[in-house]
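*Asks:* See data-v5.txt below, with compact mmCIF, C-alpha atoms.
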# COMPACT_ATOMS: atom_id res chain seq x y z
CA MET L 246 -19.11 22.53 6.88
CA LYS L 247 -16.45 21.39 9.33
CA LYS L 248 -18.94 19.96 11.77
CA GLN L 249 -20.80 18.17 9.02
CA GLN L 250 -17.55 16.70 7.79
CA ILE L 251 -17.07 14.85 11.06
CA LEU L 252 -20.70 14.03 11.75
CA LYS L 253 -21.50 12.36 8.44
CA GLY L 254 -19.35 9.37 9.34
CA PHE L 255 -21.24 8.97 12.60
CA TRP L 256 -24.67 8.54 11.19
CA GLU L 257 -25.64 9.40 7.61
CA GLN L 258 -22.70 7.60 6.02
CA ASN L 259 -21.77 5.32 8.89
CA PRO L 260 -19.35 2.80 7.35
CA ILE L 261 -20.84 -0.20 9.12
CA PHE L 262 -24.56 0.41 9.29
CA ARG L 263 -25.20 2.52 6.18
CA GLN L 264 -22.41 1.71 3.72
CA LEU L 265 -21.65 -1.86 4.82
CA LEU L 266 -17.93 -1.40 4.25
CA GLY L 267 -15.14 -3.18 6.07
CA MET L 268 -17.24 -6.18 6.94
CA CYS L 269 -14.52 -8.76 7.66
CA PRO L 270 -13.11 -7.13 10.80
CA THR L 271 -16.56 -5.94 11.80
CA LEU L 272 -17.92 -9.44 12.00
CA ALA L 273 -14.80 -11.37 12.94
CA VAL L 274 -13.43 -9.54 15.96
CA THR L 275 -16.59 -8.32 17.67
CA THR L 276 -16.92 -11.32 19.97
CA THR L 277 -16.26 -9.01 22.92
CA ALA L 278 -16.56 -5.26 23.44
CA GLU L 279 -12.84 -5.00 24.17
CA ASN L 280 -11.78 -6.59 20.89
CA GLY L 281 -14.23 -4.41 18.99
CA LEU L 282 -12.84 -1.25 20.58
CA ALA L 283 -9.23 -2.30 19.90
CA MET L 284 -9.96 -2.93 16.25
CA GLY L 285 -11.84 0.38 16.01
CA LEU L 286 -8.90 2.32 17.43
CA ALA L 287 -6.45 0.54 15.11
CA VAL L 288 -8.59 1.49 12.12
CA ILE L 289 -8.82 5.14 13.26
CA PHE L 290 -5.01 5.29 13.45
CA VAL L 291 -4.44 3.73 10.03
CA LEU L 292 -7.21 5.77 8.41
CA PHE L 293 -5.91 9.05 9.85
CA PHE L 294 -2.30 8.61 8.76
CA SER L 295 -3.16 7.05 5.39
CA GLU L 296 -5.47 9.94 4.49
CA LEU L 297 -2.76 12.34 5.70
CA ALA L 298 -0.17 10.67 3.47
CA VAL L 299 -2.45 10.30 0.45
CA THR L 300 -3.68 13.87 0.52
CA SER L 301 -0.10 15.17 0.90
CA ILE L 302 1.23 13.37 -2.16
CA LYS L 303 -1.89 13.53 -4.35
CA LYS L 304 -0.29 15.89 -6.87
CA ILE L 305 2.82 13.80 -7.54
CA VAL L 306 1.30 10.32 -7.87
CA PRO L 307 0.60 9.28 -11.47
CA HIS L 308 -3.05 8.43 -11.97
CA GLN L 309 -2.47 4.87 -13.28
CA VAL L 310 -0.55 3.58 -10.29
CA ARG L 311 -2.39 5.45 -7.54
CA ILE L 312 -4.22 2.42 -6.14
CA ALA L 313 -0.97 0.47 -5.80
CA VAL L 314 0.67 3.46 -4.10
CA TYR L 315 -2.25 3.87 -1.68
CA THR L 316 -2.16 0.17 -0.85
CA VAL L 317 1.54 0.30 0.00
CA ILE L 318 0.99 3.38 2.18
CA ILE L 319 -1.82 1.63 4.03
CA ALA L 320 0.20 -1.57 4.41
CA THR L 321 3.02 0.44 5.98
CA PHE L 322 0.81 1.96 8.67
CA VAL L 323 -0.85 -1.38 9.32
CA THR L 324 2.57 -2.94 9.88
CA ILE L 325 3.30 -0.21 12.44
CA VAL L 326 0.05 -0.90 14.30
CA ASP L 327 0.68 -4.62 14.21
CA ILE L 328 4.20 -4.33 15.65
CA PHE L 329 2.96 -1.86 18.29
CA LEU L 330 0.14 -4.18 19.41
CA LYS L 331 2.47 -7.18 19.54
CA ALA L 332 4.88 -5.28 21.78
CA GLN L 333 2.48 -3.43 24.07
CA PHE L 334 -0.75 -5.47 24.14
CA PRO L 335 0.23 -9.07 23.34
CA GLN L 336 -3.12 -10.48 24.53
CA ILE L 337 -5.17 -8.21 22.26
CA SER L 338 -2.78 -8.86 19.40
CA LYS L 339 -3.35 -12.58 19.90
CA ASN L 340 -7.15 -12.18 20.05
CA LEU L 341 -7.26 -10.16 16.84
CA GLY L 342 -4.79 -12.46 15.04
CA PRO L 343 -4.53 -12.04 11.28
CA TYR L 344 -7.40 -9.56 11.32
CA VAL L 345 -4.92 -6.79 12.14
CA PRO L 346 -2.99 -7.22 8.86
CA LEU L 347 -6.33 -7.62 7.13
CA ILE L 348 -6.98 -3.93 7.83
CA ILE L 349 -4.90 -3.42 4.65
CA VAL L 350 -7.75 -4.67 2.51
CA ASN L 351 -10.44 -3.03 4.63
CA CYS L 352 -12.45 -1.26 1.96
CA ILE L 353 -13.19 1.76 4.18
CA ILE L 354 -9.57 2.84 4.20
CA LEU L 355 -8.82 2.45 0.50
CA GLY L 356 -12.31 3.78 -0.23
CA ARG L 357 -11.84 7.00 1.77
CA CYS L 358 -8.32 7.52 0.36
CA GLU L 359 -9.56 7.19 -3.20
CA ALA L 360 -12.95 8.90 -2.84
CA PHE L 361 -12.02 11.67 -0.43
CA ALA L 362 -8.36 12.24 0.49
CA SER L 363 -7.12 12.18 -3.11
CA LYS L 364 -9.52 15.00 -4.02
CA ASN L 365 -9.70 17.21 -0.95
CA LYS L 366 -7.38 19.46 1.00
CA LEU L 367 -5.48 18.39 4.07
CA SER L 368 -7.70 19.68 6.88
CA ASN L 369 -10.88 18.25 5.37
CA SER L 370 -9.24 14.89 4.78
CA LEU L 371 -8.12 14.67 8.39
CA LEU L 372 -11.62 15.53 9.63
CA ASP L 373 -13.06 12.95 7.26
CA ALA L 374 -10.67 10.33 8.64
CA LEU L 375 -11.61 11.12 12.24
CA GLY L 376 -15.34 11.09 11.52
CA MET L 377 -15.34 7.90 9.49
CA GLY L 378 -12.97 6.20 11.91
CA ALA L 379 -15.09 7.18 14.91
CA GLY L 380 -18.24 6.02 13.12
CA PHE L 381 -16.59 2.68 12.42
CA CYS L 382 -15.33 2.44 16.00
CA TRP L 383 -18.69 3.02 17.70
CA GLY L 384 -20.30 0.53 15.34
CA LEU L 385 -17.78 -2.12 16.38
CA LEU L 386 -18.23 -1.24 20.02
CA VAL L 387 -22.03 -1.60 19.86
CA LEU L 388 -21.80 -4.87 17.95
CA GLY L 389 -19.15 -6.25 20.32
CA SER L 390 -21.11 -5.20 23.43
CA ILE L 391 -24.35 -6.81 22.25
CA ARG L 392 -22.61 -10.05 21.30
CA GLU L 393 -20.64 -10.21 24.55
CA LEU L 394 -23.73 -9.41 26.61
CA LEU L 395 -25.90 -12.05 24.96
CA GLY L 396 -23.18 -14.64 24.44
CA ALA L 397 -21.37 -14.43 27.77
CA GLY L 398 -23.47 -12.13 29.98
CA ASN L 399 -20.63 -9.58 30.25
CA ILE L 400 -19.60 -6.23 28.82
CA PHE L 401 -15.84 -5.48 28.99
CA GLY L 402 -15.60 -8.52 31.26
CA PHE L 403 -18.07 -7.13 33.87
CA LYS L 404 -20.96 -9.40 34.70
CA LEU L 405 -24.21 -7.64 33.83
CA MET L 406 -26.79 -10.37 33.43
CA PRO L 407 -28.59 -11.87 36.48
CA ALA L 408 -27.25 -15.12 37.88
CA GLY L 409 -29.89 -17.32 36.26
CA PHE L 410 -29.01 -16.10 32.76
CA ASN L 411 -28.13 -18.86 30.34
CA PRO L 412 -25.64 -17.47 27.77
CA LEU L 413 -26.62 -17.75 24.11
CA VAL L 414 -23.31 -19.18 22.95
CA VAL L 415 -24.34 -18.84 19.31
CA MET L 416 -23.93 -15.05 19.61
CA ILE L 417 -20.16 -15.43 19.99
CA LEU L 418 -20.02 -17.89 17.12
CA PRO L 419 -19.88 -16.66 13.51
CA ALA L 420 -23.60 -17.14 12.92
CA GLY L 421 -24.42 -14.70 15.72
CA ALA L 422 -22.30 -12.00 14.10
CA PHE L 423 -24.36 -12.08 10.91
CA LEU L 424 -27.66 -12.16 12.79
CA VAL L 425 -26.88 -9.28 15.17
CA LEU L 426 -25.55 -7.08 12.37
CA GLY L 427 -28.56 -7.89 10.19
CA PHE L 428 -30.99 -6.83 12.91
CA LEU L 429 -28.95 -3.70 13.73
CA VAL L 430 -28.99 -2.56 10.10
CA ALA L 431 -32.74 -3.17 9.98
CA LEU L 432 -33.10 -1.11 13.18
CA MET L 433 -31.14 1.72 11.57
CA ASN L 434 -33.47 1.62 8.57
CA ARG L 435 -36.43 1.82 10.94
CA VAL L 436 -34.97 4.88 12.69
CA GLU L 437 -34.45 6.55 9.32
CA GLN L 438 -38.10 5.88 8.50
CA TRP L 439 -39.25 7.56 11.72
CA LYS L 440 -37.18 10.62 10.96
CA THR L 441 -38.89 11.25 7.63
CA MET M 174 -1.91 -37.70 2.34
CA GLU M 175 -4.60 -38.05 4.99
CA ASN M 176 -3.56 -34.69 6.27
CA LEU M 177 -4.15 -33.11 2.85
CA ILE M 178 -7.63 -34.59 2.54
CA LEU M 179 -8.47 -33.32 6.00
CA ILE M 180 -7.36 -29.79 5.11
CA PHE M 181 -9.33 -30.00 1.87
CA ILE M 182 -12.61 -30.99 3.49
CA SER M 183 -12.33 -28.85 6.57
CA THR M 184 -11.49 -25.70 4.59
CA ILE M 185 -14.50 -26.13 2.34
CA LEU M 186 -17.11 -27.12 4.87
CA ILE M 187 -16.06 -26.64 8.49
CA ASN M 188 -13.77 -23.63 8.49
CA ASN M 189 -15.42 -22.03 5.51
CA LEU M 190 -13.70 -18.74 4.67
CA VAL M 191 -16.90 -16.74 4.40
CA LEU M 192 -19.03 -18.27 7.10
CA SER M 193 -16.47 -18.85 9.82
CA TYR M 194 -13.52 -16.54 9.07
CA PHE M 195 -15.62 -13.72 7.58
CA LEU M 196 -13.24 -13.32 4.67
CA GLY M 197 -14.53 -12.02 1.37
CA ILE M 198 -17.76 -10.64 2.80
CA CYS M 199 -17.81 -7.65 0.45
CA PRO M 200 -18.02 -9.72 -2.76
CA PHE M 201 -20.23 -12.15 -0.88
CA LEU M 202 -22.79 -9.40 -0.25
CA GLY M 203 -22.14 -7.67 -3.56
CA VAL M 204 -22.23 -10.32 -6.28
CA SER M 205 -24.39 -12.99 -4.70
CA GLY M 206 -27.55 -11.49 -6.20
CA LYS M 207 -27.28 -13.38 -9.49
CA MET M 208 -26.28 -17.00 -10.03
CA GLU M 209 -24.23 -16.24 -13.13
CA SER M 210 -22.04 -13.58 -11.53
CA ALA M 211 -21.64 -15.72 -8.41
CA LEU M 212 -20.21 -18.55 -10.51
CA GLY M 213 -17.86 -16.22 -12.41
CA MET M 214 -16.59 -14.60 -9.25
CA GLY M 215 -16.15 -17.97 -7.55
CA MET M 216 -14.05 -19.34 -10.41
CA ALA M 217 -11.89 -16.22 -10.61
CA VAL M 218 -11.26 -16.25 -6.86
CA THR M 219 -10.39 -19.97 -6.77
CA PHE M 220 -7.91 -19.49 -9.60
CA VAL M 221 -6.15 -16.47 -8.15
CA MET M 222 -6.25 -17.79 -4.59
CA THR M 223 -4.47 -21.04 -5.48
CA LEU M 224 -1.74 -19.17 -7.35
CA ALA M 225 -1.40 -16.41 -4.75
CA THR M 226 -1.06 -18.85 -1.86
CA SER M 227 1.62 -20.87 -3.65
CA ILE M 228 3.68 -17.82 -4.62
CA SER M 229 3.29 -16.19 -1.22
CA TRP M 230 4.50 -19.39 0.44
CA LEU M 231 7.60 -19.52 -1.75
CA ILE M 232 8.43 -15.87 -1.13
CA TYR M 233 7.73 -16.05 2.60
CA TYR M 234 9.88 -19.09 3.33
CA LEU M 235 12.57 -18.80 0.65
CA VAL M 236 13.16 -15.06 0.70
CA LEU M 237 11.65 -13.22 3.66
CA GLU M 238 12.44 -15.76 6.35
CA ARG M 239 15.92 -16.56 5.07
CA PHE M 240 17.00 -12.92 4.95
CA GLY M 241 15.22 -11.79 8.14
CA LEU M 242 12.78 -9.51 6.34
CA LEU M 243 9.60 -10.72 8.03
CA PHE M 244 8.46 -7.19 8.87
CA LEU M 245 7.86 -6.73 5.13
CA GLU M 246 5.38 -9.62 5.11
CA TYR M 247 2.18 -7.62 4.62
CA ILE M 248 3.55 -5.25 2.01
CA VAL M 249 5.05 -8.11 0.01
CA PHE M 250 1.87 -10.21 0.16
CA ILE M 251 -0.38 -7.41 -1.01
CA LEU M 252 2.02 -6.59 -3.86
CA VAL M 253 2.16 -10.25 -4.89
CA ILE M 254 -1.62 -10.40 -5.04
CA ALA M 255 -2.03 -7.12 -6.92
CA SER M 256 0.59 -7.97 -9.52
CA LEU M 257 -0.66 -11.54 -9.86
CA VAL M 258 -4.17 -10.30 -10.63
CA GLN M 259 -2.73 -7.94 -13.23
CA ILE M 260 -0.66 -10.69 -14.88
CA VAL M 261 -3.53 -13.18 -14.89
CA GLU M 262 -5.77 -10.58 -16.47
CA MET M 263 -3.27 -9.81 -19.24
CA PHE M 264 -2.59 -13.50 -19.81
CA ILE M 265 -6.24 -14.44 -20.09
CA ARG M 266 -7.02 -11.51 -22.35
CA LYS M 267 -4.30 -12.58 -24.75
CA TYR M 268 -4.85 -16.32 -24.81
CA SER M 269 -8.48 -17.02 -24.11
CA ALA M 270 -11.16 -14.60 -25.19
CA ASN M 271 -13.90 -16.83 -23.82
CA LEU M 272 -12.41 -17.05 -20.37
CA TYR M 273 -11.77 -13.31 -20.40
CA GLN M 274 -15.42 -12.66 -21.15
CA SER M 275 -16.56 -14.70 -18.18
CA LEU M 276 -13.85 -13.83 -15.63
CA GLY M 277 -12.55 -10.48 -16.87
CA ILE M 278 -14.78 -8.09 -14.97
CA TYR M 279 -14.26 -9.91 -11.67
CA LEU M 280 -10.48 -9.88 -11.74
CA PRO M 281 -9.84 -6.24 -10.76
CA LEU M 282 -12.25 -6.65 -7.86
CA ILE M 283 -10.19 -9.51 -6.48
CA THR M 284 -7.24 -7.37 -5.40
CA SER M 285 -9.38 -5.84 -2.70
CA ASN M 286 -10.92 -9.20 -1.76
CA CYS M 287 -9.73 -9.84 1.76
CA ALA M 288 -10.12 -13.60 1.32
CA ILE M 289 -6.98 -13.80 -0.84
CA LEU M 290 -4.76 -11.91 1.59
CA GLY M 291 -6.50 -13.71 4.45
CA VAL M 292 -5.62 -17.14 3.12
CA ALA M 293 -1.99 -16.11 2.65
CA LEU M 294 -1.86 -14.87 6.25
CA PHE M 295 -3.60 -17.91 7.71
CA MET M 296 -1.22 -20.16 5.79
CA VAL M 297 1.65 -18.59 7.76
CA VAL M 298 -0.22 -18.75 11.07
CA LYS M 299 -1.03 -22.43 10.58
CA ASP M 300 2.54 -23.23 9.58
CA TYR M 301 1.60 -25.24 6.49
CA SER M 302 4.09 -27.02 4.23
CA PHE M 303 4.11 -26.04 0.56
CA LEU M 304 1.76 -28.79 -0.56
CA GLU M 305 -0.62 -28.12 2.32
CA ALA M 306 -0.63 -24.43 1.47
CA VAL M 307 -1.53 -25.11 -2.16
CA ILE M 308 -4.40 -27.38 -1.11
CA PHE M 309 -5.48 -24.80 1.45
CA GLY M 310 -5.63 -22.06 -1.21
CA PHE M 311 -7.49 -24.23 -3.69
CA SER M 312 -10.06 -25.55 -1.23
CA GLY M 313 -10.49 -22.08 0.26
CA GLY M 314 -11.49 -20.87 -3.18
CA LEU M 315 -13.86 -23.80 -3.66
CA GLY M 316 -15.48 -23.17 -0.29
CA PHE M 317 -15.92 -19.51 -1.16
CA SER M 318 -17.54 -20.44 -4.49
CA LEU M 319 -19.83 -22.97 -2.84
CA VAL M 320 -21.22 -20.47 -0.34
CA LEU M 321 -21.48 -17.77 -3.00
CA VAL M 322 -23.50 -20.03 -5.31
CA VAL M 323 -25.77 -21.30 -2.52
CA MET M 324 -26.38 -17.73 -1.42
CA ALA M 325 -27.15 -16.60 -4.98
CA GLY M 326 -29.69 -19.42 -5.28
CA ILE M 327 -31.42 -18.36 -2.08
CA ARG M 328 -31.42 -14.67 -2.98
CA GLU M 329 -32.89 -15.30 -6.42
CA GLU M 330 -35.85 -16.97 -4.70
CA LEU M 331 -36.11 -14.29 -2.02
CA LYS M 332 -36.67 -11.61 -4.66
CA PHE M 333 -40.29 -12.69 -4.84
CA ALA M 334 -40.86 -12.92 -1.11
CA ASP M 335 -42.93 -10.33 0.67
CA ILE M 336 -40.69 -9.02 3.46
CA PRO M 337 -40.95 -5.98 5.77
CA LYS M 338 -39.51 -2.88 4.16
CA VAL M 339 -36.84 -2.26 6.80
CA PHE M 340 -35.35 -5.70 6.16
CA LYS M 341 -35.06 -5.24 2.39
CA GLY M 342 -31.53 -5.47 0.97
CA ALA M 343 -28.57 -5.75 3.29
CA PRO M 344 -30.32 -6.79 6.55
CA LEU M 345 -32.06 -9.71 4.88
CA THR M 346 -28.83 -10.83 3.18
CA LEU M 347 -26.96 -10.72 6.49
CA ILE M 348 -29.62 -12.67 8.34
CA THR M 349 -29.74 -15.26 5.55
CA ALA M 350 -25.95 -15.57 5.85
CA GLY M 351 -26.37 -16.05 9.60
CA ILE M 352 -28.80 -18.90 9.10
CA LEU M 353 -26.48 -20.39 6.48
CA ALA M 354 -23.62 -20.21 9.00
CA LEU M 355 -25.80 -22.05 11.54
CA ILE M 356 -26.44 -24.76 8.97
CA PHE M 357 -22.73 -25.09 8.17
CA MET M 358 -22.03 -25.54 11.89
CA GLY M 359 -23.66 -28.92 11.40
CA PHE M 360 -20.56 -30.01 9.46
CA SER M 361 -18.25 -29.38 12.41
CA GLY M 362 -18.35 -33.04 13.49
CA LEU M 363 -16.78 -34.18 10.18
CA GLY M 364 -13.27 -35.57 10.22
CA GLY M 365 -13.10 -35.81 14.00
CA GLY M 366 -13.48 -32.06 14.46
Would it be possible to restate this file's structure as structure tokens?

*Replies:*
Amino acid sequence: MKKQQILKGFWEQNPIFRQLLGMCPTLAVTTTAENGLAMGLAVIFVLFFSELAVTSIKKIVPHQVRIAVYTVIIATFVTIVDIFLKAQFPQISKNLGPYVPLIIVNCIILGRCEAFASKNKLSNSLLDALGMGAGFCWGLLVLGSIRELLGAGNIFGFKLMPAGFNPLVVMILPAGAFLVLGFLVALMNRVEQWKT
Amino acid sequence: MENLILIFISTILINNLVLSYFLGICPFLGVSGKMESALGMGMAVTFVMTLATSISWLIYYLVLERFGLLFLEYIVFILVIASLVQIVEMFIRKYSANLYQSLGIYLPLITSNCAILGVALFMVVKDYSFLEAVIFGFSGGLGFSLVLVVMAGIREELKFADIPKVFKGAPLTLITAGILALIFMGFSGLGGG
């Protein structure tokens, strides 16, 4: 049960490839592997503490205002992340820009708070947060790596392509984000077909 | 004045919210299957976005900045949007049954539409004046509606296409959006960049 709780976010219910949740940050910041990883870690942090807070107060929040309460909780943790990034990693904070505050409306976080943390006990909610967050994070990392590799010939700034490689600049542009993600989701569907 | 026209055109075509800032992708993927719902959603978003941007601007510059409360920015913005959606819904329900019928079901979905919060945040980043911010919100909504309607038109046709099974659904929609984004890149020469 415990193991499944974590693993489901990795594959079966992967937020990016299977549920298609949280698409704005997924597509916007994955121009490089580094940005993708930074966004993934920020989401893990916010998801973990939001699910912790939501599951702790689930009994005292009136049903009608729960969404508003969850949103304020999430916004608080996002503000913490934003201030932390600005102070410690100014370059990353600049790269991610307004997409850090946009984590507030990332549907994965509100979705997991409402669908899982508000109905389950503390330990399961925390495992759910870690699993879903990690699933989201590796999705961003893969997407960012592919786009950086094809669009600039690097991964994490290290040159990987041979010298004669002509970068496909379109991969770093918005259009490339849609195309790469579209093909990745199709690939996932193909893998699922093989399994059955 | 020239400045305002430039913002208007560039927000709709060049820096389109969906295709170049990736804002509002969830509704973009979700409701772009049918032309009718795409239109309804587009109108509702344009309406709320214009109002939300104006009110957020006033609160940001007249209250938060003046009293040194900028760390509350995100919490205040999201509360403004959520309460605005609620008020608009109540107002429409009371005064216009027709409008409520066509926009009503889309309104609750708008709170979690990142495009609205996104526009409010970008307005601060770009340091717009009040009038510029209002135009930015309005044209952002129009640009969103335009792409949504175009996408719905394409997807209605694609229903009858014979495509490989693994591409059915989300992958095909994403790739179509990618091609659409490529097409919109053609506008980038407008207005001197």

*Asks:* Mind checking which residues fall within 12 Å of Leu272 of chain M, counting all atoms listed in the file, ignoring those fewer than 5 positions away in the same chain, and posting them as a ChimeraX atom specification?

*Replies:* /M:213,216-217,220,261-267,277-280

*Asks:* Ranking L:Arg357, L:Arg435, L:Lys303, L:Lys440 by minimum distance to chain M and counting only C-alpha atoms, which one comes first?

*Replies:* L:Arg435

*Asks:* Could you name the residues that touch Met358 of chain M at 9 Å or less, counting all atoms listed in the file, but leaving out those on the same chain fewer than 3 positions away, as a list in words?

*Replies:* Ala420 of chain L; Leu186, Ile187, Ser193, Leu353, Ala354, Leu355, Ser361 and Gly362 of chain M

*Asks:* Using all atoms listed in the file and a distance of at most 8 Å, pull out the residues of chain L that contact chain M, as a VMD selection string.

*Replies:* chain L and resid 266 to 270 272 to 273 313 316 to 317 320 to 321 324 343 346 to 347 350 to 352 419 to 424 426 to 432 434 to 435

*Asks:* Would you list the residues near (-10.7, -7.2, 19.6), meaning any protein, DNA or RNA residue with an atom at most 10 Å from that point in file coordinates, counting only C-alpha atoms, as a list in words?

*Replies:*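 Nearby residues: Pro270, Thr271, Ala273, Val274, Thr275, Thr276, Thr277, Ala278, Glu279, Asn280, Gly281, Leu282, Ala283, Met284, Gly285, Leu286, Ala287, Gln336, Ile337, Ser338, Lys339, Asn340, Leu341, Gly342, Tyr344, Val345, Leu385, Leu386 and Gly389 of chain L.
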
*Asks:* Quick one, how far is atom CA of Phe262 of chain L from atom CA of Arg328 of chain M?

*Replies:*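 These two atoms are separated by 20.6 Å.
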
*Asks:* Which value, in Å to one decimal, gives the distance between atom CA of Leu282 of chain M and atom CA of Ala298 of chain L?

*Replies:*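 If I compute the distance from atom CA of Leu282 of chain M to atom CA of Ala298 of chain L, I get 24.0 Å.
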
*Asks:* Using atom CA of Val204 of chain M and atom CA of Ile318 of chain L as the two end points, give the distance in Å to one decimal.

*Replies:*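 A separation of 28.3 Å between them.
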
*Asks:* Show me, as a VMD selection string, the residues that have an atom within 7 Å of Phe255 of chain L when counting all atoms listed in the file, minus same-chain residues fewer than 5 positions from it.

*Replies:* chain L and resid 376 to 377 379 to 380

*Asks:* Could you give me the axis-aligned bounding box of segment 344-357 of chain M, with 5 Å of padding per side, as centre plus edge lengths in Å to one decimal, as JSON?

*Replies:*
{"center_x": -27.4, "center_y": -15.9, "center_z": 7.4, "size_x": 19.3, "size_y": 28.3, "size_z": 18.4}

*Asks:* Please tell me which residues are no farther than 8 Å from (-12.0, 13.3, 7.1) in the file, counting all atoms listed in the file, and write them as a list in words.

*Replies:*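 Looking at atoms near the point gives Gln250, Ile251, Phe293, Glu296, Phe361, Ala362, Ser368, Asn369, Ser370, Leu371, Leu372, Asp373, Ala374, Leu375, Gly376 and Met377 of chain L.
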
*Asks:* Excluding Leu319 of chain M and its own-chain neighbours fewer than 6 positions away, which residues fall within 12 Å of it when counting all atoms listed in the file? Please give them as a PyMOL selection string.

*Replies:* chain M and resi 184-186+189-192+201+205+208+211-216+218-219+312-313+325-326+353+357
